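K.L.:
Structure below; questions to follow.
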Amino acid sequence: MKRCFSILLCLGISFSGFGQSYWQQEAHYQMNIDFNTDNHQFDGQQELTYINHSPDTLNKVFYHLYFNAFQPGSMMDIRSRTILDSDKRVGNRISKLNKSEMGIQQILSLKQNGEPLVFTNDGTILDVDLNKSILPGDTVIFSMEFKTQVPLQIRRSGRMNKEGIDYSMSQWYPKLCEYDRDGWHANPYVGREFYGVWGSFDVTIHMDANYTIAATGILQNPDEIGHGYTNVLIDSVPDRLSWNFKAENVHDFVWAADPDYTHDIVVNDKGPDFHLFYQKGEKTKHWEHLGEYMIRTFEYADKHFGKYPYPHYSIIQGGDGGMEYPMATLITGHRSLKSLVGVSVHEAMHSWYHGLLATNEALFAWMDEGFTSYASNRIEYGFFPEDFPGTHGGSYKGYKRIAKSNYEEPLCTHADHFDTNWAYGAASYSKGVVILDQLSHIVGQKVVDRSLKRYFNEWAYKHPNASDFKRIVEKESEIELDWYFEYFVNSTKTIDYGIYEISENNNGTQILLKKGEMPMPVEFDVVLKDGGVSKYYIPTVLMRGEKVVDPVVNILPDWAWTNPYYSVRLKHAASDISEIQLHTSGHIADVEPLNDKVIIPKKWDWNKHKLKLQIIEKKKKKKYKLQKFAKIKKVAL
Ligand SMILES: [Zn+2]
């Protein structure tokens with residue numbers, strides 16, 4: 001098993017309990033973008049108002065320059081060509097880009113309150129030395145001029161995606177790195193998670209009038225340009241239009257443009273209106289039903305996970321799969337109805353766990369992808385129950401598969417630093433769902449539901465971390481949960497409870513249970529031959545409490561985690577029992593199901609024999625290989 005040893009890779013959880021009061025930075029962007037569709041380049045002006053709410057004096061700032069990742073020899077290129085199971089959307093494609101196809105973001109000038117600054121362009125990070133330190137409480141204005149070439153689409157953003165969308169513009173502008181309770185997060189971009197400063201955007205895009213633009217925020221001038229919520233036809237269409245979008249209380253801004261977009265507006269009295277941008281045709285025929293599913297999705301999510309606060313949500317054909325942004329998503333559009341609804345529900349639910357509960361995805365990918373998948377599983381189960389056995393069955397399966405391989409890495413691994421894409425995906429999506437659903441086994445589903453709403457209400461528009469979420473569930477349940485998160489986030493230790501031995505004596509039956517690596521509360525049923533069922537619940541001592549259970553359940557004394565065995569005495573004779581079944585809640589990721597159930601043989605001489613189940617103990621861990629993926633490639637550096 002693996003544990004997070006390095007401090008760098010394990011910022012995930014801090015259980016100090018005496019943290020300073022919460023603060024976060026604030027950034028307001030005003031941008032003017034002059035876009036040339038002939039050479040796919042644009043000139044940009046950015047005025048950024050930055051407020052330092054931290055208690056610290058800042059001598060430097062950093063910006064992300066994501067498009068520079070799309071250059072041969074970039075860190076993203078090398079990473080993609082050396083990782084064991086490279087994403088086939090990237091592969092070695094970056095290494096083959098020529099000068100006119102690569103991404104380039106060049107900073108021409110940068111001023112702090114009107115004074116020119118010295119900066120260093122280090123690949124995808126702009127490293128800026130300040131003339132004057134930013135003191136706690138200070139507001140400064142950074143004025144920047146920059147030039148950008150939009151790359152051929154490799155991953156998420158770029159021009160001409162595989163479905164022929166001209167421009168998918170995500171992570172497209174110089175974006176200030178976040179400085180938070182853990183310090184600066186100036187991670188070089190290698191193709192994964194994002195993090196941004198809370199604030200606002202006022203973006204004007206000047207572009208060829210043939211294009212329709214979809215974006216985060218609200219279009220400010222629909223009547224002037226004849227687009228958006230408007231019946232106004234402008235008399236003579238100029239060669240170029242200036243689209244002005246504003247977005248408040250967001251931490252990022254995405255846009256996309258195509259001359260062939262259809263823009264459908266689905267008005268929704270109960271929540272946001274849905275704006276669908278796609279190229280109409282046979283391959284996008286299911287988009288006409290998408291609005292109905294989105295209305296139901298937001299209705300469910302508002303009720304169970306917290307109220308979506310923005311007036312719009314846009315689903316935009318573009319990108320290379322599905323990716324979330326504030327108030328919008330880019331998805332590929334040539335899909336079956338189920339696939340279209342599935343990706344749209346998932347990306348929409350990111351509005352809660354990325355858009356509003358903006359955890360640092362790099363450090364807590366499981367709190368974003370995992371919680372999002374948990375919510376979308378619940379919603380999609382309502383639409384297509386046949387594809388979601390037990391609601392989260394697929395996620396449990398995905399987690400158990402990697403847990404029994406040699407490839408699992410702890411959830412607290414920084415998203416960029418997993419050894420394989422498989423380990424990242426299984427941790428952040430599958431185990432991320434399991435960690436949340438399994439909480440219902442420990443604290444009960446009602447507490448989980450209450451906790452999710454309280455988490456949203458207390459932490460929306462902030463950057464919660466794992467400890468912030470843990471404390472909410474602890475307060476709602478009055479159960480201690482540090483052990484649960486420490487084991488399940490910081491280690492790859494697995495749960496494997498088993499029925500070890502059954503014997504009969506004059507007083508009844510004795511059942512010996514055995515624990516695996518990780519402590520958990522245990523539930524089991526004893527089914528009698530006459531059809532009766534007795535239910536039992538053993539809390540782990542670490543909980544310092546127990547969940548509310550049905551009155552028919554027998555609550556047994558706590559299991560001290562240091563004891564590998566636990567003995568239960570039943571008054572029934574063993575010969576009256578037909579079977580014993582562990583984990584009746586169904587919400588526990590026990591990795592070895594073979595020792596979870598015993599069917600008592602009809603004829604068993606209890607005077608002579610105990611019933612022993614040790615077969616599992618020595619069973620070898622199943623080994624998975626990644627041979628179907630590429631071998632490690634030799635990269636010429
Ligand atoms: Zn996702």
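In the structure tokens, the first chain shown is A, the next is B, and so on; residue numbers restart at 1 for each chain, and ligands run from 1 in the order shown.
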Return as a ChimeraX atom specification the residues of protein, DNA or RNA that approach ligand 1 to within 8 Å, with only C-alpha atoms and all ligand atoms taken into account.
P.N.:
/A:322-324,346-347,350,368-370,372-373,429
K.L.:
Would you mind exporting the chosen residues as an mmCIF file, in the first residue's frame, restricted to C-alpha atoms?
P.N.:
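Saved as out24.cif:
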```cif
data_model
loop_
_atom_site.group_PDB
_atom_site.id
_atom_site.type_symbol
_atom_site.label_atom_id
_atom_site.label_comp_id
_atom_site.auth_asym_id
_atom_site.auth_seq_id
_atom_site.Cartn_x
_atom_site.Cartn_y
_atom_site.Cartn_z
ATOM 1 C CA GLY A 322 -16.884 17.401 -21.428
ATOM 2 C CA MET A 323 -15.361 20.099 -19.292
ATOM 3 C CA GLU A 324 -16.864 22.386 -16.700
ATOM 4 C CA HIS A 346 -22.128 15.507 -15.028
ATOM 5 C CA GLU A 347 -20.804 18.836 -16.283
ATOM 6 C CA HIS A 350 -19.732 20.620 -11.585
ATOM 7 C CA ASP A 368 -14.644 18.021 -7.343
ATOM 8 C CA GLU A 369 -14.836 15.015 -9.697
ATOM 9 C CA GLY A 370 -15.930 12.621 -6.948
ATOM 10 C CA THR A 372 -19.812 15.765 -8.955
ATOM 11 C CA SER A 373 -20.000 12.126 -10.028
ATOM 12 C CA TYR A 429 -13.885 9.869 -9.804
#
```
K.L.:
If we count only C-alpha atoms, what is near range 497-502 of chain A at a cut-off of 6 Å, once residues fewer than 4 positions away on the same chain are taken out, given as JSON, numbers by chain?
P.N.:
{"A": [510, 511, 512, 513, 514, 515, 516, 595, 596, 610, 611, 612, 613]}
K.L.:
Hey, which of A:Val598, A:Met160, A:Gln445, A:Leu290 ends up closest to Val526 in chain A? Count only C-alpha atoms.
P.N.:
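Smallest separation from Val526 in chain A among the options: A:Val598.
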K.L.:
May I ask which of the residues A:Trp483, A:Tyr461, A:Trp559, A:Phe245 is the closest one to Pro539 in chain A, counting only C-alpha atoms?
P.N.:
A:Trp559
K.L.:
What separation in Å, quoted to one decimal, exists between CA of Val533 in chain A and CA of Lys397 in chain A?
P.N.:
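Pair CA of Val533 in chain A / CA of Lys397 in chain A returns 28.3 Å.
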K.L.:
Quick one: of A:Gly271, A:Ile234, A:Thr391, A:Gln581, who's nearest to Ile600 in chain A, counting only C-alpha atoms?
P.N.:
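Smallest distance to Ile600 in chain A is found for A:Gln581.
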K.L.:
Find, counting only C-alpha atoms, the residue in A:Ala257, A:Ile402, A:Ile379, A:Leu152 that gets nearest to Leu330 in chain A.
P.N.:
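Nearest candidate to Leu330 in chain A out of A:Ala257, A:Ile402, A:Ile379, A:Leu152: A:Ala257.
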K.L.:
Taking only range 265-328 of chain A into account, list the residues labelled strand (DSSP E) by DSSP (computed from the backbone), as a VMD selection string.
P.N.:
chain A and resid 265 to 266 273 to 278 312 to 317 322 to 325 328
K.L.:
With C-alpha atoms retained, export the selected residues as a compact mmCIF listing (two decimals), in the first residue's frame.
P.N.:
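Full text of part-v9.txt as output:
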```txt
# COMPACT_ATOMS: atom_id res chain seq x y z
CA ILE A 265 -32.89 29.15 -25.39
CA VAL A 266 -34.87 26.90 -23.04
CA ASP A 273 -32.55 29.44 -18.50
CA PHE A 274 -30.55 27.02 -20.62
CA HIS A 275 -28.63 28.27 -23.62
CA LEU A 276 -27.71 25.52 -26.07
CA PHE A 277 -25.13 26.28 -28.75
CA TYR A 278 -24.57 23.55 -31.35
CA HIS A 312 -28.01 31.19 -17.08
CA TYR A 313 -26.42 27.89 -17.81
CA SER A 314 -24.93 27.31 -21.27
CA ILE A 315 -24.21 23.97 -22.88
CA ILE A 316 -21.82 24.60 -25.73
CA GLN A 317 -20.72 22.15 -28.41
CA GLY A 322 -16.88 17.40 -21.43
CA MET A 323 -15.36 20.10 -19.29
CA GLU A 324 -16.86 22.39 -16.70
CA TYR A 325 -16.59 26.16 -16.43
CA ALA A 328 -21.19 26.89 -18.88
```
K.L.:
Using only C-alpha atoms, which residue out of A:Asp419, A:Asp576, A:Asp605, A:Leu436 lies closest to Ile83 in chain A?
P.N.:
A:Asp419
K.L.:
Point out the residue among A:Ser86, A:Thr332, A:Asn187, A:Ser534 with the least atom-to-atom distance to His414 in chain A, counting only C-alpha atoms.
P.N.:
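For His414 in chain A, the nearest of the given residues is A:Asn187.
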K.L.:
Restrict the calculation to only C-alpha atoms, then for each residue of range 149-227 of chain A with any atom at most 12 Å from an atom of range 123-142 of chain A give the closest atom pair and their distance in Å to one decimal, rows by chain and rising residue number, as a tab-separated table.
P.N.:
```
residue	atom	partner	partner_atom	distance
A:Gln171	CA	A:Thr124	CA	11.1
A:Trp172	CA	A:Thr124	CA	11.5
A:Tyr173	CA	A:Thr124	CA	11.4
A:Pro174	CA	A:Leu126	CA	8.4
A:Lys175	CA	A:Leu126	CA	9.5
A:Leu176	CA	A:Leu126	CA	9.1
A:Cys177	CA	A:Ile125	CA	8.8
A:Trp184	CA	A:Asp127	CA	11.6
A:His185	CA	A:Ile125	CA	10.5
A:Ala186	CA	A:Ile125	CA	6.8
A:Asn187	CA	A:Ile125	CA	7.6
A:Pro188	CA	A:Thr124	CA	5.6
A:Tyr189	CA	A:Thr124	CA	6.0
A:Val190	CA	A:Thr124	CA	9.0
A:Gly191	CA	A:Thr124	CA	11.0
```
K.L.:
Could you write those residues out with all heavy atoms, as a compact mmCIF listing (two decimals), in the first residue's frame?
P.N.:
```txt
# COMPACT_ATOMS: atom_id res chain seq x y z
N GLN A 171 -9.35 28.40 -20.67
CA GLN A 171 -8.00 28.68 -20.16
C GLN A 171 -7.20 29.44 -21.21
O GLN A 171 -6.08 29.09 -21.53
CB GLN A 171 -7.29 27.37 -19.76
CG GLN A 171 -8.13 26.43 -18.94
CD GLN A 171 -8.59 27.01 -17.61
OE1 GLN A 171 -8.00 27.97 -17.11
NE2 GLN A 171 -9.64 26.47 -17.03
N TRP A 172 -7.78 30.49 -21.72
CA TRP A 172 -7.28 31.17 -22.91
C TRP A 172 -6.63 32.52 -22.62
O TRP A 172 -6.03 33.11 -23.52
CB TRP A 172 -8.47 31.40 -23.87
CG TRP A 172 -9.56 32.22 -23.20
CD1 TRP A 172 -10.53 31.74 -22.38
CD2 TRP A 172 -9.74 33.63 -23.27
NE1 TRP A 172 -11.33 32.76 -21.92
CE2 TRP A 172 -10.87 33.94 -22.46
CE3 TRP A 172 -9.09 34.67 -23.94
CZ2 TRP A 172 -11.34 35.24 -22.30
CZ3 TRP A 172 -9.57 35.97 -23.78
CH2 TRP A 172 -10.68 36.25 -22.96
N TYR A 173 -6.74 33.02 -21.41
CA TYR A 173 -6.24 34.37 -21.09
C TYR A 173 -5.20 34.25 -19.96
O TYR A 173 -5.21 33.27 -19.21
CB TYR A 173 -7.40 35.28 -20.62
CG TYR A 173 -8.12 34.72 -19.42
CD1 TYR A 173 -7.78 35.10 -18.13
CD2 TYR A 173 -9.12 33.76 -19.57
CE1 TYR A 173 -8.42 34.56 -17.02
CE2 TYR A 173 -9.76 33.20 -18.47
CZ TYR A 173 -9.41 33.60 -17.21
OH TYR A 173 -10.02 33.05 -16.11
N PRO A 174 -4.32 35.23 -19.82
CA PRO A 174 -3.40 35.20 -18.67
C PRO A 174 -4.24 35.27 -17.39
O PRO A 174 -4.95 36.24 -17.15
CB PRO A 174 -2.57 36.47 -18.87
CG PRO A 174 -2.66 36.76 -20.34
CD PRO A 174 -4.05 36.36 -20.73
N LYS A 175 -4.16 34.20 -16.62
CA LYS A 175 -5.06 34.04 -15.47
C LYS A 175 -4.23 34.07 -14.19
O LYS A 175 -3.31 33.25 -14.04
CB LYS A 175 -5.79 32.70 -15.61
CG LYS A 175 -6.73 32.34 -14.50
CD LYS A 175 -7.40 31.00 -14.81
CE LYS A 175 -8.09 30.41 -13.62
NZ LYS A 175 -8.63 29.06 -13.88
N LEU A 176 -4.54 34.97 -13.31
CA LEU A 176 -3.78 35.11 -12.07
C LEU A 176 -3.83 33.82 -11.26
O LEU A 176 -4.90 33.23 -11.10
CB LEU A 176 -4.36 36.26 -11.24
CG LEU A 176 -3.47 36.72 -10.09
CD1 LEU A 176 -2.28 37.51 -10.62
CD2 LEU A 176 -4.26 37.57 -9.10
N CYS A 177 -2.68 33.38 -10.78
CA CYS A 177 -2.66 32.19 -9.93
C CYS A 177 -3.29 32.53 -8.58
O CYS A 177 -3.25 33.67 -8.13
CB CYS A 177 -1.23 31.71 -9.70
SG CYS A 177 -0.40 31.20 -11.21
N TRP A 184 0.91 30.11 -2.58
CA TRP A 184 0.72 30.23 -4.03
C TRP A 184 0.48 28.87 -4.67
O TRP A 184 1.01 27.85 -4.22
CB TRP A 184 1.96 30.86 -4.68
CG TRP A 184 2.02 32.34 -4.51
CD1 TRP A 184 2.86 33.04 -3.70
CD2 TRP A 184 1.19 33.32 -5.18
NE1 TRP A 184 2.61 34.39 -3.81
CE2 TRP A 184 1.59 34.59 -4.70
CE3 TRP A 184 0.15 33.24 -6.11
CZ2 TRP A 184 0.98 35.77 -5.14
CZ3 TRP A 184 -0.44 34.40 -6.54
CH2 TRP A 184 -0.03 35.65 -6.06
N HIS A 185 -0.28 28.89 -5.77
CA HIS A 185 -0.52 27.66 -6.53
C HIS A 185 -0.15 27.92 -7.99
O HIS A 185 -1.02 27.98 -8.86
CB HIS A 185 -1.97 27.21 -6.40
CG HIS A 185 -2.33 26.90 -4.98
ND1 HIS A 185 -2.00 25.72 -4.36
CD2 HIS A 185 -2.93 27.66 -4.03
CE1 HIS A 185 -2.40 25.74 -3.10
NE2 HIS A 185 -2.96 26.91 -2.87
N ALA A 186 1.14 28.10 -8.22
CA ALA A 186 1.62 28.40 -9.57
C ALA A 186 2.13 27.11 -10.20
O ALA A 186 3.32 26.96 -10.46
CB ALA A 186 2.71 29.47 -9.50
N ASN A 187 1.23 26.18 -10.43
CA ASN A 187 1.64 24.88 -10.98
C ASN A 187 1.79 24.98 -12.49
O ASN A 187 0.84 25.39 -13.17
CB ASN A 187 0.57 23.81 -10.72
CG ASN A 187 0.28 23.65 -9.25
OD1 ASN A 187 1.17 23.71 -8.43
ND2 ASN A 187 -0.99 23.47 -8.91
N PRO A 188 2.93 24.55 -13.03
CA PRO A 188 3.03 24.49 -14.49
C PRO A 188 1.93 23.58 -15.02
O PRO A 188 1.62 22.55 -14.42
CB PRO A 188 4.41 23.85 -14.72
CG PRO A 188 5.17 24.05 -13.44
CD PRO A 188 4.13 24.06 -12.35
N TYR A 189 1.35 23.96 -16.15
CA TYR A 189 0.20 23.21 -16.67
C TYR A 189 0.69 21.97 -17.42
O TYR A 189 1.48 22.08 -18.36
CB TYR A 189 -0.59 24.11 -17.62
CG TYR A 189 -1.83 23.46 -18.20
CD1 TYR A 189 -2.78 22.85 -17.39
CD2 TYR A 189 -2.06 23.47 -19.58
CE1 TYR A 189 -3.92 22.27 -17.92
CE2 TYR A 189 -3.20 22.90 -20.12
CZ TYR A 189 -4.12 22.30 -19.29
OH TYR A 189 -5.25 21.73 -19.82
N VAL A 190 0.20 20.80 -16.98
CA VAL A 190 0.55 19.57 -17.69
C VAL A 190 -0.71 18.84 -18.16
O VAL A 190 -0.65 17.69 -18.54
CB VAL A 190 1.44 18.63 -16.83
CG1 VAL A 190 2.77 19.29 -16.53
CG2 VAL A 190 0.74 18.21 -15.55
N GLY A 191 -1.84 19.53 -18.10
CA GLY A 191 -3.03 18.96 -18.71
C GLY A 191 -4.15 18.62 -17.77
O GLY A 191 -5.14 18.02 -18.18
```
K.L.:
Leaving out Glu248 in chain A and any residue of its chain fewer than 4 positions from it, which residues lie within 7 Å of it when counting only C-alpha atoms, given as a ChimeraX atom specification?
P.N.:
/A:199-201
K.L.:
From a backbone DSSP assignment, name each residue in range 342-419 of chain A labelled alpha helix (DSSP H), as a VMD selection string.
P.N.:
chain A and resid 342 to 350 365 371 to 383 393 to 403
K.L.:
Quick one, how far is CA of Arg454 in chain A from CA of Lys470 in chain A?
P.N.:
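Between these atoms lies a distance of 11.7 Å.
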